[in-house]
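Report on the following structure.
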Amino acid sequence: KRRIAVMTSGGDSPGMNGAIRAVIRMAIEVGCESYAVLEGYEGLVQGGDLIKRMDWEDVRGWQSEGGTLIGTARCLAFYERAGRLKGAKNMILNGIDALIICGGDGSLTGADKFRTEWPSLIGELVKTGELTQEQIDPFKQLNIVGLVGSIDNDMSGTDATIGCFSALANICEMIDKVEATAASHSRAFVVEVMGRHCGWLALMAGVATGADFVFIPEKPRSENWRDEMCKVIARHREIGKRKTIVIVAEGAHDMQGNKISSEMLRELLADKKGLALDTRITVLGHVQRGGTACAYDRYLATLQGVEAVRAVLDATPDTPTPFIAINENKITRKPLVQAVLDTQAVAKAIENQDFERAMSLRDTEFSD
Ligand code: F6P
């Protein structure tokens with residue numbers, strides 16, 4: 001029987017457990033054996049108990065559990081060839097020739113590199129006597145399929161990543177709570193949300209909660225952003241708003257590339273010569289990433305997990321490594337490398353303050 005393994009890597013995101021459950025059960029459904037690699041790439045490098053056979057029953061109820069129940073890690077050993085050699089050996093010793101990885105762009109790039117290097121890795125294992133030719137013969141080809149798990153929704157080529165809608169729901173719930181106390185005291189709040197290179201969470205939360213002002217990395221405000229923001233907020237106060245909510249993504253910058261921090265915004269809102277608002281900061285942090293997956297993420301993770309197994313079965317040596325996307329509500333397969341390159345080019349373009357390019361690469365419209 002063919003053996004398919006599933007692994008989670010990088011930062012966790014709600015919905016990862018739904019993806020694991022779907023992969024494990026679909027693999028069994030199509031007559032394969034299912035395995036889980038525990039603790040991300042660390043499990044692949046160390047092998048032993050960290051590579052575990054999984055049955056149908058083992059993932060019962062996993063869809064409604066937060067985080068990832070098979071663990072995740074940022075594994076430095078896998079960046080080195082020596083670590084990847086150990087990973088290849090452990091896969092062969094366990095009879096696994098296909099790996100479905102749920103993680104962000106960094107984790108998926110590592111996976112594609114592993115696949116590209118595979119023939120030379122297994123060749124070296126024979127040369128150094130770690131494995132015999134007979135042992136490697138059935139494993140000439142490594143199949144890799146990516147599932148994108150990230151709360152930031154920062155992957156090019158897909159409309160949504162597993163976890164982003166749960167994180168958005170968490171943020172909205174927290175902002176609702178902040179608003180109640182803000183309105184009671186007629187205060188202003190600066191709410192800092194995650195998103196290193198991607199303002200999707202901040203922007204969508206701004207729309208969904210009716211925030212007064214939003215700062216995102218992809219669209220820095222013009223040089224006079226301070227006056228612009230104060231004018232908007234003053235107008236909102238004039239028309240009777242008792243609360244002010246400013247949302248700032250952790251990666252927000254001005255046109256010159258200077259970070260726009262929560263403290264900077266607090267000082268500006270509280271400035272006695274200006275708006276003079278009693279202002280507090282709420283950094284939402286990891287509560288955004290925690291908790292259980294919302295219905296959409298459970299459904300997305302399940303459909304994409306099933307599709308990932310199908311993609312493994314369809315793979316040929318010439319198929320470029322795919323990742324499973326969703327485009328206009330349809331589950332699709334896309335070449336992984338191009339999407340990762342586009343994603344990394346967005347981060348680079350933001351760093352170089354080429355915001356038009358960043359927006360066009362992300363394939364998302366951010367209009368005024
Ligand atoms: O990639 C998702 C993300 O949530 C980012 O927005 C954030 O900067 C980062 O993870 C923080 O992750 P950690 O605390 O695990 O390093």
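Letters for chains follow the order of the structure tokens (A, B, ...), residue numbers begin at 1 for each chain, and ligand numbers begin at 1 in the order shown.
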
Task: Members of segment 15-216 of chain A assigned strand (DSSP E) by DSSP, as a ChimeraX atom specification - done: /A:33-37,51-54,98-103,143-148,188-193,213-215

So that each row is one residue of chain A with an atom at most 6 Å from ligand 1, can you give its shortest atom pair and the distance in Å to one decimal, using only C-alpha atoms and all ligand atoms, rows by chain and rising number, as JSON lines?
{"residue": "A:Gly11", "atom": "CA", "partner": "ligand 1", "partner_atom_place_in_ligand_line": "15 (O)", "distance": 5.0}
{"residue": "A:Ser150", "atom": "CA", "partner": "ligand 1", "partner_atom_place_in_ligand_line": "2 (C)", "distance": 5.8}
{"residue": "A:Ile151", "atom": "CA", "partner": "ligand 1", "partner_atom_place_in_ligand_line": "2 (C)", "distance": 5.7}
{"residue": "A:Asp152", "atom": "CA", "partner": "ligand 1", "partner_atom_place_in_ligand_line": "2 (C)", "distance": 5.6}
{"residue": "A:Met194", "atom": "CA", "partner": "ligand 1", "partner_atom_place_in_ligand_line": "6 (O)", "distance": 4.1}
{"residue": "A:Gly195", "atom": "CA", "partner": "ligand 1", "partner_atom_place_in_ligand_line": "6 (O)", "distance": 3.8}
{"residue": "A:Arg196", "atom": "CA", "partner": "ligand 1", "partner_atom_place_in_ligand_line": "8 (O)", "distance": 4.9}

Open item on the list: I'd like the contact shell of Gln141 of chain A - 9 Å cut-off, only C-alpha atoms, skipping same-chain residues fewer than 5 positions apart - returned as a PyMOL selection string.
Closed with: chain A and resi 97-98+115+118-119+316-317

- [ ] Can you work out which one of A:Ala160, A:Ala180, A:Ala293, A:Leu93 has the shortest atom-to-atom distance to Pro138 of chain A, counting only C-alpha atoms?
- [x]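 Counting only C-alpha atoms, the residue closest to Pro138 of chain A is A:Leu93.
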
Open item on the list: I need the residues of segment 17-90 of chain A that end up classed as helix (DSSP H, G or I) by DSSP on the backbone, written out as a PyMOL selection string.
Closed with: chain A and resi 17-29+41-46+48-50+56-59+62-64+77-79+81-90

Expected file contents, prior selection, N, CA and C atoms, as a short mmCIF file (atom, residue, chain, number, x, y, z; two decimals), in the first residue's frame:
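Dumped everything to again04.cif:
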data_model
loop_
_atom_site.label_atom_id
_atom_site.label_comp_id
_atom_site.auth_asym_id
_atom_site.auth_seq_id
_atom_site.Cartn_x
_atom_site.Cartn_y
_atom_site.Cartn_z
N ASN A 17 -5.97 21.50 11.84
CA ASN A 17 -6.43 20.16 12.25
C ASN A 17 -7.47 19.59 11.28
N GLY A 18 -8.29 20.45 10.74
CA GLY A 18 -9.28 20.02 9.75
C GLY A 18 -8.59 19.50 8.51
N ALA A 19 -7.48 20.17 8.13
CA ALA A 19 -6.72 19.74 6.94
C ALA A 19 -6.07 18.39 7.21
N ILE A 20 -5.49 18.23 8.40
CA ILE A 20 -4.83 16.94 8.73
C ILE A 20 -5.88 15.82 8.68
N ARG A 21 -7.02 16.08 9.30
CA ARG A 21 -8.09 15.07 9.35
C ARG A 21 -8.51 14.66 7.94
N ALA A 22 -8.68 15.67 7.09
CA ALA A 22 -9.14 15.39 5.72
C ALA A 22 -8.10 14.57 4.95
N VAL A 23 -6.82 14.93 5.10
CA VAL A 23 -5.76 14.20 4.39
C VAL A 23 -5.72 12.75 4.86
N ILE A 24 -5.73 12.58 6.18
CA ILE A 24 -5.61 11.22 6.73
C ILE A 24 -6.79 10.34 6.29
N ARG A 25 -7.97 10.90 6.38
CA ARG A 25 -9.15 10.06 6.04
C ARG A 25 -9.27 9.84 4.53
N MET A 26 -8.94 10.86 3.75
CA MET A 26 -9.03 10.69 2.28
C MET A 26 -7.99 9.67 1.81
N ALA A 27 -6.79 9.74 2.39
CA ALA A 27 -5.75 8.78 1.99
C ALA A 27 -6.22 7.35 2.28
N ILE A 28 -6.84 7.15 3.44
CA ILE A 28 -7.34 5.81 3.78
C ILE A 28 -8.46 5.41 2.81
N GLU A 29 -9.32 6.37 2.54
CA GLU A 29 -10.47 6.15 1.64
C GLU A 29 -10.03 5.64 0.26
N TYR A 41 9.26 19.94 10.44
CA TYR A 41 10.44 19.32 9.83
C TYR A 41 11.33 18.63 10.86
N GLU A 42 11.23 19.07 12.11
CA GLU A 42 11.98 18.44 13.19
C GLU A 42 11.67 16.93 13.22
N GLY A 43 10.40 16.59 13.02
CA GLY A 43 9.97 15.19 13.05
C GLY A 43 10.56 14.40 11.90
N LEU A 44 10.70 15.07 10.76
CA LEU A 44 11.27 14.42 9.59
C LEU A 44 12.76 14.14 9.82
N VAL A 45 13.44 15.11 10.42
CA VAL A 45 14.88 14.98 10.67
C VAL A 45 15.14 13.92 11.74
N GLN A 46 14.33 13.95 12.81
CA GLN A 46 14.60 13.01 13.92
C GLN A 46 14.01 11.62 13.69
N GLY A 48 11.94 8.25 14.07
CA GLY A 48 11.52 7.50 15.26
C GLY A 48 10.04 7.70 15.55
N ASP A 49 9.74 8.01 16.82
CA ASP A 49 8.34 8.17 17.24
C ASP A 49 7.68 9.40 16.63
N LEU A 50 8.48 10.26 16.03
CA LEU A 50 7.91 11.49 15.47
C LEU A 50 7.27 11.26 14.10
N TRP A 56 -8.18 6.12 10.89
CA TRP A 56 -9.42 6.90 10.77
C TRP A 56 -9.84 7.49 12.12
N GLU A 57 -9.80 6.64 13.14
CA GLU A 57 -10.26 7.04 14.49
C GLU A 57 -9.36 8.09 15.14
N ASP A 58 -8.09 8.10 14.74
CA ASP A 58 -7.12 8.99 15.42
C ASP A 58 -7.44 10.47 15.26
N VAL A 59 -8.24 10.81 14.24
CA VAL A 59 -8.49 12.23 13.99
C VAL A 59 -9.95 12.60 14.27
N TRP A 62 -11.23 16.29 15.35
CA TRP A 62 -10.13 17.24 15.17
C TRP A 62 -10.57 18.55 14.52
N GLN A 63 -11.64 18.52 13.78
CA GLN A 63 -12.05 19.75 13.08
C GLN A 63 -12.36 20.89 14.03
N SER A 64 -12.84 20.55 15.22
CA SER A 64 -13.22 21.62 16.15
C SER A 64 -12.12 21.91 17.17
N ALA A 77 17.60 22.71 11.48
CA ALA A 77 18.37 21.58 10.91
C ALA A 77 17.98 21.32 9.45
N PHE A 78 16.71 21.57 9.11
CA PHE A 78 16.25 21.26 7.75
C PHE A 78 16.81 22.26 6.72
N TYR A 79 17.31 23.42 7.20
CA TYR A 79 17.94 24.38 6.28
C TYR A 79 19.28 23.84 5.78
N ARG A 81 21.83 20.74 4.43
CA ARG A 81 21.71 19.50 3.65
C ARG A 81 21.75 18.25 4.56
N ALA A 82 22.57 18.33 5.60
CA ALA A 82 22.67 17.17 6.52
C ALA A 82 21.29 16.84 7.12
N GLY A 83 20.53 17.87 7.44
CA GLY A 83 19.19 17.67 7.99
C GLY A 83 18.26 17.06 6.96
N ARG A 84 18.37 17.53 5.73
CA ARG A 84 17.50 17.00 4.66
C ARG A 84 17.87 15.55 4.32
N LEU A 85 19.17 15.22 4.44
CA LEU A 85 19.59 13.82 4.22
C LEU A 85 18.92 12.91 5.25
N LYS A 86 18.92 13.37 6.50
CA LYS A 86 18.27 12.56 7.56
C LYS A 86 16.79 12.43 7.27
N GLY A 87 16.17 13.53 6.81
CA GLY A 87 14.74 13.52 6.48
C GLY A 87 14.43 12.51 5.39
N ALA A 88 15.27 12.50 4.34
CA ALA A 88 15.05 11.58 3.21
C ALA A 88 15.19 10.13 3.69
N LYS A 89 16.19 9.89 4.52
CA LYS A 89 16.41 8.53 5.03
C LYS A 89 15.21 8.07 5.86
N ASN A 90 14.73 8.95 6.73
CA ASN A 90 13.58 8.58 7.57
C ASN A 90 12.32 8.32 6.75
#

TODO: For Pro217 of chain A, list every protein, DNA or RNA residue within 7 Å, evaluated using only C-alpha atoms, and leave out those in the same chain fewer than 5 positions away; present the list as a PyMOL selection string.
DONE: chain A and resi 197-199+251-253+350

Task: Which of A:Leu168, A:Ile331, A:Val214, A:Met359 sits closest to Arg289 of chain A [using only C-alpha atoms] - done: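 Among A:Leu168, A:Ile331, A:Val214, A:Met359, it is A:Leu168 that comes nearest to Arg289 of chain A.
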
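Of the residues listed (A:Val190, A:Val312, A:Ile239, A:Leu269), A:Val190 shows the shortest atom-to-atom separation from Val178 of chain A; distances use only C-alpha atoms.
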
Task: Residue neighbourhood Asp137 of chain A, 10 Å, only C-alpha atoms, exclusion window fewer than 4 positions, as a PyMOL selection string - done: chain A and resi 92+122+132-133+141
